[in-house]
Amino acid sequence: MSDTIPKTYKAAVYDKPGSVSTKVVELKTPEPGYGQVLIRLTHSGVCHSDYGVMTNSWAILPRPTEVNQVGGHEGVGHIVKMGQGTESSTVKLRQRVGIKWISQICYSCPGCLSGREGLCFKQKVSGYDVPGTFQQYVCSPADYVTPIPDGLDSAEASPMLCAGVTTYSALKKSGAYGGDWVVIMGAGGGLGHIGCQLAAKGFGMRVIGIDHGSKRDIVLASGAEHFIDHTSSTDLAEDVKALTDGIGAHAVLVMTASNAAYASSMTLLRFGGTLVCVGILEVMRD
C-alpha cells in the first residue's frame, strides 16, 4: 500500500437531496483533526438507509440532508495518517479499519453512560452529519473506528458494519436462544439474509424465513430451516404454528419496512414471545 496521499480525491455526493441523484466530484483531501485518523477507503457497502438519507424519506431524522453531502456508512480502508492526540490509540498507521453508521459518540451522555452508545445524545451519523464512505478518503475518530480482522475480506466486512451489527443486535435483544424458533420477515433482503446466517449458524437458532417467493433460494442457503412465501400463503400465523408445535415462534424479527409485515408479526409469536422492530418505514417530510 502506498503512503502517498494525494491533494485531491473523488467522492460521490447527494447533489439534489430529496431526489435520487448523485454526482462524482473532486474534493480536497482533509487533514485529520485532534484525535482523528485519515483513512484511505477501498470498499463501501450500499445500504437502503442511504436511499432514505438521499431522498429525505426518513422523517425521524431531525433535518433535511445537506446538499453535496457525501453518503455511505459501511466503509473499510487503511489508516494513512494519524492526527494529534492519537499517540496512545489502539489503532495504528496502515491498520485496516471500518466506519459505521454512527461515526462518533460523546461517551458522557446518559445514553453512553448506560452502555447504550447507539442512543448517544450527541452522536454523529456517517453520510448525514459528517461525510460518509462514498469517497476515497475520510477522517474519523481514532477511538471509534472498528479494527477489521486479518482473515476477513474487506468486501465481506463492509456490510457487517451496518447490516451485520443491526441484525446481531436484533437477535440479542430477541431473547431467543439456540434451538428456539425465530421468524425473520424480509428474510431475503440485505438485512434478512445476514440475519438468517447469524441466527442459524452463529446462534444455533431454528429460522423460519418469510419473503417473496423469488427469495426462497437465498433464504434457505443462508441457513433458514423453512421458507414461507407471503405472496401465496393464505394464513401466515397458521403456517408458522404448523412448524412450531402449534404455538408459534419464540421471536419475530421484522427486517423489512413493510406495514403488512408489522401488521401480521404479532400473530406469529407464542406466549411470552418477543417482537423486534428493525425495518424503518419511510415517511416523506412535509
# chains A, B, ... in the order shown; residues from 1 in each chain; ligands from 1
>>> residues_around(residues="Leu152 in chain A", least_positions_apart="6", cutoff="12 Å", atoms="only C-alpha atoms", output="PyMOL selection string")
chain A and resi 76+96-98+158-160
>>> write_last_selection(atoms="N, CA and C atoms", output="compact mmCIF listing (two decimals), in the first residue's frame")
# COMPACT_ATOMS: atom_id res chain seq x y z
N VAL A 76 -14.62 0.43 4.58
CA VAL A 76 -13.41 -0.26 5.05
C VAL A 76 -12.21 0.30 4.30
N ARG A 96 -6.04 -1.79 9.00
CA ARG A 96 -7.32 -1.82 8.28
C ARG A 96 -8.46 -1.64 9.30
N VAL A 97 -9.32 -0.68 9.03
CA VAL A 97 -10.41 -0.36 9.96
C VAL A 97 -11.70 -0.09 9.19
N GLY A 98 -12.79 -0.05 9.93
CA GLY A 98 -14.10 0.20 9.32
C GLY A 98 -14.81 1.37 9.96
N SER A 158 -17.54 -4.94 4.90
CA SER A 158 -18.29 -3.68 4.76
C SER A 158 -19.74 -3.80 5.22
N PRO A 159 -20.53 -4.75 4.70
CA PRO A 159 -21.93 -4.82 5.16
C PRO A 159 -22.08 -5.24 6.61
N MET A 160 -21.05 -5.86 7.18
CA MET A 160 -21.12 -6.22 8.59
C MET A 160 -21.16 -4.99 9.49
>>> residues_around(residues="range 26-31 of chain A", least_positions_apart="4", cutoff="7 Å", atoms="only C-alpha atoms", output="list in words")
Pro6, Lys7, Thr8, Tyr9, Lys10, Ala11 and Tyr137 of chain A
>>> write_last_selection(atoms="all heavy atoms", output="CSV table (one decimal), in the first residue's frame")
chain,number,residue,atom,x,y,z
A,6,PRO,N,-2.7,11.9,-2.0
A,6,PRO,CA,-3.0,13.0,-3.0
A,6,PRO,C,-3.6,14.2,-2.4
A,6,PRO,O,-4.2,14.2,-1.3
A,6,PRO,CB,-3.9,12.3,-4.0
A,6,PRO,CG,-4.7,11.3,-3.1
A,6,PRO,CD,-3.7,10.8,-2.1
A,7,LYS,N,-3.5,15.3,-3.1
A,7,LYS,CA,-4.0,16.6,-2.6
A,7,LYS,C,-5.6,16.6,-2.8
A,7,LYS,O,-6.3,17.3,-2.1
A,7,LYS,CB,-3.4,17.8,-3.4
A,7,LYS,CG,-1.9,17.9,-3.0
A,7,LYS,CD,-1.3,19.2,-3.7
A,7,LYS,CE,0.1,19.4,-3.4
A,7,LYS,NZ,0.7,20.5,-4.0
A,8,THR,N,-6.0,15.9,-3.8
A,8,THR,CA,-7.5,15.8,-4.1
A,8,THR,C,-7.9,14.4,-4.3
A,8,THR,O,-7.0,13.5,-4.6
A,8,THR,CB,-7.9,16.7,-5.3
A,8,THR,OG1,-7.3,16.1,-6.5
A,8,THR,CG2,-7.5,18.1,-5.1
A,9,TYR,N,-9.2,14.1,-4.2
A,9,TYR,CA,-9.7,12.7,-4.4
A,9,TYR,C,-11.1,12.8,-4.9
A,9,TYR,O,-11.8,13.9,-4.9
A,9,TYR,CB,-9.6,11.9,-3.1
A,9,TYR,CG,-10.5,12.4,-2.0
A,9,TYR,CD1,-11.8,11.8,-1.8
A,9,TYR,CD2,-10.2,13.5,-1.2
A,9,TYR,CE1,-12.6,12.3,-0.9
A,9,TYR,CE2,-11.0,14.0,-0.2
A,9,TYR,CZ,-12.2,13.4,-0.1
A,9,TYR,OH,-13.1,13.8,0.9
A,10,LYS,N,-11.7,11.7,-5.3
A,10,LYS,CA,-13.1,11.6,-5.8
A,10,LYS,C,-14.0,11.2,-4.7
A,10,LYS,O,-13.7,10.4,-3.8
A,10,LYS,CB,-13.1,10.7,-7.0
A,10,LYS,CG,-12.4,11.2,-8.2
A,10,LYS,CD,-12.5,10.2,-9.4
A,10,LYS,CE,-11.8,10.7,-10.6
A,10,LYS,NZ,-11.9,9.8,-11.7
A,11,ALA,N,-15.2,11.7,-4.8
A,11,ALA,CA,-16.3,11.4,-3.9
A,11,ALA,C,-17.7,11.4,-4.6
A,11,ALA,O,-17.8,12.2,-5.6
A,11,ALA,CB,-16.3,12.3,-2.7
A,137,TYR,N,-11.2,9.1,0.6
A,137,TYR,CA,-10.5,9.4,1.9
A,137,TYR,C,-11.6,10.0,2.8
A,137,TYR,O,-12.5,10.7,2.4
A,137,TYR,CB,-9.4,10.4,1.6
A,137,TYR,CG,-8.2,9.9,1.0
A,137,TYR,CD1,-8.1,9.8,-0.4
A,137,TYR,CD2,-7.1,9.4,1.7
A,137,TYR,CE1,-7.0,9.3,-1.0
A,137,TYR,CE2,-6.0,8.8,1.1
A,137,TYR,CZ,-5.9,8.8,-0.3
A,137,TYR,OH,-4.8,8.2,-0.9
>>> closest_atom_pairs(of="range 160-187 of chain A", to="range 267-283 of chain A", cutoff="10 Å", atoms="only C-alpha atoms", output="JSON lines")
{"residue": "A:Thr166", "atom": "CA", "partner": "A:Val278", "partner_atom": "CA", "distance": 7.9}
{"residue": "A:Thr167", "atom": "CA", "partner": "A:Val278", "partner_atom": "CA", "distance": 8.2}
{"residue": "A:Ser169", "atom": "CA", "partner": "A:Val278", "partner_atom": "CA", "distance": 9.9}
{"residue": "A:Ala170", "atom": "CA", "partner": "A:Val276", "partner_atom": "CA", "distance": 6.4}
{"residue": "A:Leu171", "atom": "CA", "partner": "A:Val276", "partner_atom": "CA", "distance": 8.2}
{"residue": "A:Lys172", "atom": "CA", "partner": "A:Val276", "partner_atom": "CA", "distance": 9.9}
{"residue": "A:Lys173", "atom": "CA", "partner": "A:Val276", "partner_atom": "CA", "distance": 7.3}
{"residue": "A:Ser174", "atom": "CA", "partner": "A:Thr274", "partner_atom": "CA", "distance": 5.7}
{"residue": "A:Gly175", "atom": "CA", "partner": "A:Thr274", "partner_atom": "CA", "distance": 7.3}
{"residue": "A:Ala176", "atom": "CA", "partner": "A:Thr274", "partner_atom": "CA", "distance": 8.3}
{"residue": "A:Trp181", "atom": "CA", "partner": "A:Leu269", "partner_atom": "CA", "distance": 9.6}
{"residue": "A:Val182", "atom": "CA", "partner": "A:Leu269", "partner_atom": "CA", "distance": 9.2}
{"residue": "A:Val183", "atom": "CA", "partner": "A:Leu268", "partner_atom": "CA", "distance": 7.9}
{"residue": "A:Ile184", "atom": "CA", "partner": "A:Val276", "partner_atom": "CA", "distance": 9.8}
{"residue": "A:Met185", "atom": "CA", "partner": "A:Gly279", "partner_atom": "CA", "distance": 9.6}
{"residue": "A:Gly186", "atom": "CA", "partner": "A:Gly279", "partner_atom": "CA", "distance": 9.1}
>>> residues_around(residues="Gly223 in chain A", least_positions_apart="2", cutoff="7 Å", atoms="only C-alpha atoms", output="list of chain:residue names")
A:Cys196, A:Gln197, A:Ala200, A:Lys201, A:Val219, A:Leu220, A:Ala221, A:Glu225
>>> closest_residue(among="A:Tyr128, A:Gly195, A:Asn68, A:Ser108", to="Val254 in chain A", atoms="only C-alpha atoms")
A:Gly195
>>> select_by_dssp(residues="range 99-217 of chain A", states="strand (DSSP E or B)", output="list in words")
Ile99, Ile102, Ser103, Gln104, Lys124, Val125, Ser126, Val130, Gln135, Tyr137, Val138, Cys139, Ser140, Pro141, Thr146, Pro147, Trp181, Val182, Val183, Ile184, Met185, Arg206, Val207, Ile208, Gly209, Ile210 and Asp211 of chain A
>>> write_last_selection(atoms="N, CA and C atoms", output="mmCIF file, in the first residue's frame")
data_model
loop_
_atom_site.group_PDB
_atom_site.id
_atom_site.type_symbol
_atom_site.label_atom_id
_atom_site.label_comp_id
_atom_site.auth_asym_id
_atom_site.auth_seq_id
_atom_site.Cartn_x
_atom_site.Cartn_y
_atom_site.Cartn_z
ATOM 1 N N ILE A 99 -15.735 1.968 9.205
ATOM 2 C CA ILE A 99 -16.558 3.086 9.659
ATOM 3 C C ILE A 99 -18.019 2.656 9.623
ATOM 4 N N ILE A 102 -22.953 5.095 12.949
ATOM 5 C CA ILE A 102 -22.568 6.117 13.919
ATOM 6 C C ILE A 102 -21.065 6.322 13.817
ATOM 7 N N SER A 103 -20.671 7.521 13.423
ATOM 8 C CA SER A 103 -19.261 7.833 13.216
ATOM 9 C C SER A 103 -18.551 8.138 14.524
ATOM 10 N N GLN A 104 -19.266 8.794 15.448
ATOM 11 C CA GLN A 104 -18.648 9.130 16.726
ATOM 12 C C GLN A 104 -19.711 9.320 17.798
ATOM 13 N N LYS A 124 -22.826 11.398 15.896
ATOM 14 C CA LYS A 124 -22.697 11.897 14.535
ATOM 15 C C LYS A 124 -22.856 10.724 13.578
ATOM 16 N N VAL A 125 -23.749 10.865 12.611
ATOM 17 C CA VAL A 125 -24.063 9.791 11.669
ATOM 18 C C VAL A 125 -23.268 9.965 10.378
ATOM 19 N N SER A 126 -22.599 8.890 9.974
ATOM 20 C CA SER A 126 -21.828 8.902 8.727
ATOM 21 C C SER A 126 -22.761 9.081 7.531
ATOM 22 N N VAL A 130 -21.866 13.890 9.083
ATOM 23 C CA VAL A 130 -20.475 14.045 8.635
ATOM 24 C C VAL A 130 -20.303 13.293 7.321
ATOM 25 N N GLN A 135 -16.491 7.724 -0.783
ATOM 26 C CA GLN A 135 -15.370 8.557 -1.170
ATOM 27 C C GLN A 135 -14.066 7.799 -0.936
ATOM 28 N N TYR A 137 -11.195 9.073 0.589
ATOM 29 C CA TYR A 137 -10.531 9.397 1.857
ATOM 30 C C TYR A 137 -11.561 9.964 2.829
ATOM 31 N N VAL A 138 -11.371 9.669 4.108
ATOM 32 C CA VAL A 138 -12.286 10.185 5.123
ATOM 33 C C VAL A 138 -11.565 10.276 6.460
ATOM 34 N N CYS A 139 -11.910 11.285 7.246
ATOM 35 C CA CYS A 139 -11.378 11.411 8.603
ATOM 36 C C CYS A 139 -12.406 10.855 9.587
ATOM 37 N N SER A 140 -11.907 10.190 10.624
ATOM 38 C CA SER A 140 -12.806 9.599 11.612
ATOM 39 C C SER A 140 -12.101 9.533 12.959
ATOM 40 N N PRO A 141 -12.847 9.591 14.072
ATOM 41 C CA PRO A 141 -12.227 9.492 15.394
ATOM 42 C C PRO A 141 -11.487 8.164 15.559
ATOM 43 N N THR A 146 -13.532 0.753 13.668
ATOM 44 C CA THR A 146 -13.589 -0.667 14.033
ATOM 45 C C THR A 146 -12.451 -1.435 13.374
ATOM 46 N N PRO A 147 -11.527 -2.006 14.156
ATOM 47 C CA PRO A 147 -10.458 -2.824 13.562
ATOM 48 C C PRO A 147 -11.054 -4.016 12.819
ATOM 49 N N TRP A 181 -37.226 -21.153 18.042
ATOM 50 C CA TRP A 181 -37.753 -20.787 16.730
ATOM 51 C C TRP A 181 -37.739 -19.270 16.566
ATOM 52 N N VAL A 182 -37.133 -18.799 15.485
ATOM 53 C CA VAL A 182 -37.090 -17.370 15.179
ATOM 54 C C VAL A 182 -37.609 -17.156 13.760
ATOM 55 N N VAL A 183 -38.593 -16.281 13.638
ATOM 56 C CA VAL A 183 -39.117 -15.903 12.325
ATOM 57 C C VAL A 183 -38.437 -14.615 11.888
ATOM 58 N N ILE A 184 -37.914 -14.602 10.673
ATOM 59 C CA ILE A 184 -37.328 -13.392 10.103
ATOM 60 C C ILE A 184 -38.179 -12.972 8.917
ATOM 61 N N MET A 185 -38.825 -11.817 9.062
ATOM 62 C CA MET A 185 -39.668 -11.284 7.998
ATOM 63 C C MET A 185 -38.825 -10.368 7.117
ATOM 64 N N ARG A 206 -33.380 -21.911 15.225
ATOM 65 C CA ARG A 206 -34.126 -22.540 14.137
ATOM 66 C C ARG A 206 -34.911 -21.428 13.425
ATOM 67 N N VAL A 207 -34.544 -21.184 12.186
ATOM 68 C CA VAL A 207 -35.038 -19.999 11.481
ATOM 69 C C VAL A 207 -36.131 -20.344 10.486
ATOM 70 N N ILE A 208 -37.200 -19.545 10.533
ATOM 71 C CA ILE A 208 -38.245 -19.576 9.522
ATOM 72 C C ILE A 208 -38.174 -18.252 8.781
ATOM 73 N N GLY A 209 -37.868 -18.307 7.494
ATOM 74 C CA GLY A 209 -37.759 -17.089 6.703
ATOM 75 C C GLY A 209 -39.044 -16.816 5.935
ATOM 76 N N ILE A 210 -39.494 -15.570 5.988
ATOM 77 C CA ILE A 210 -40.689 -15.160 5.252
ATOM 78 C C ILE A 210 -40.317 -14.052 4.276
ATOM 79 N N ASP A 211 -40.687 -14.247 3.019
ATOM 80 C CA ASP A 211 -40.383 -13.244 1.997
ATOM 81 C C ASP A 211 -41.133 -13.610 0.714
#
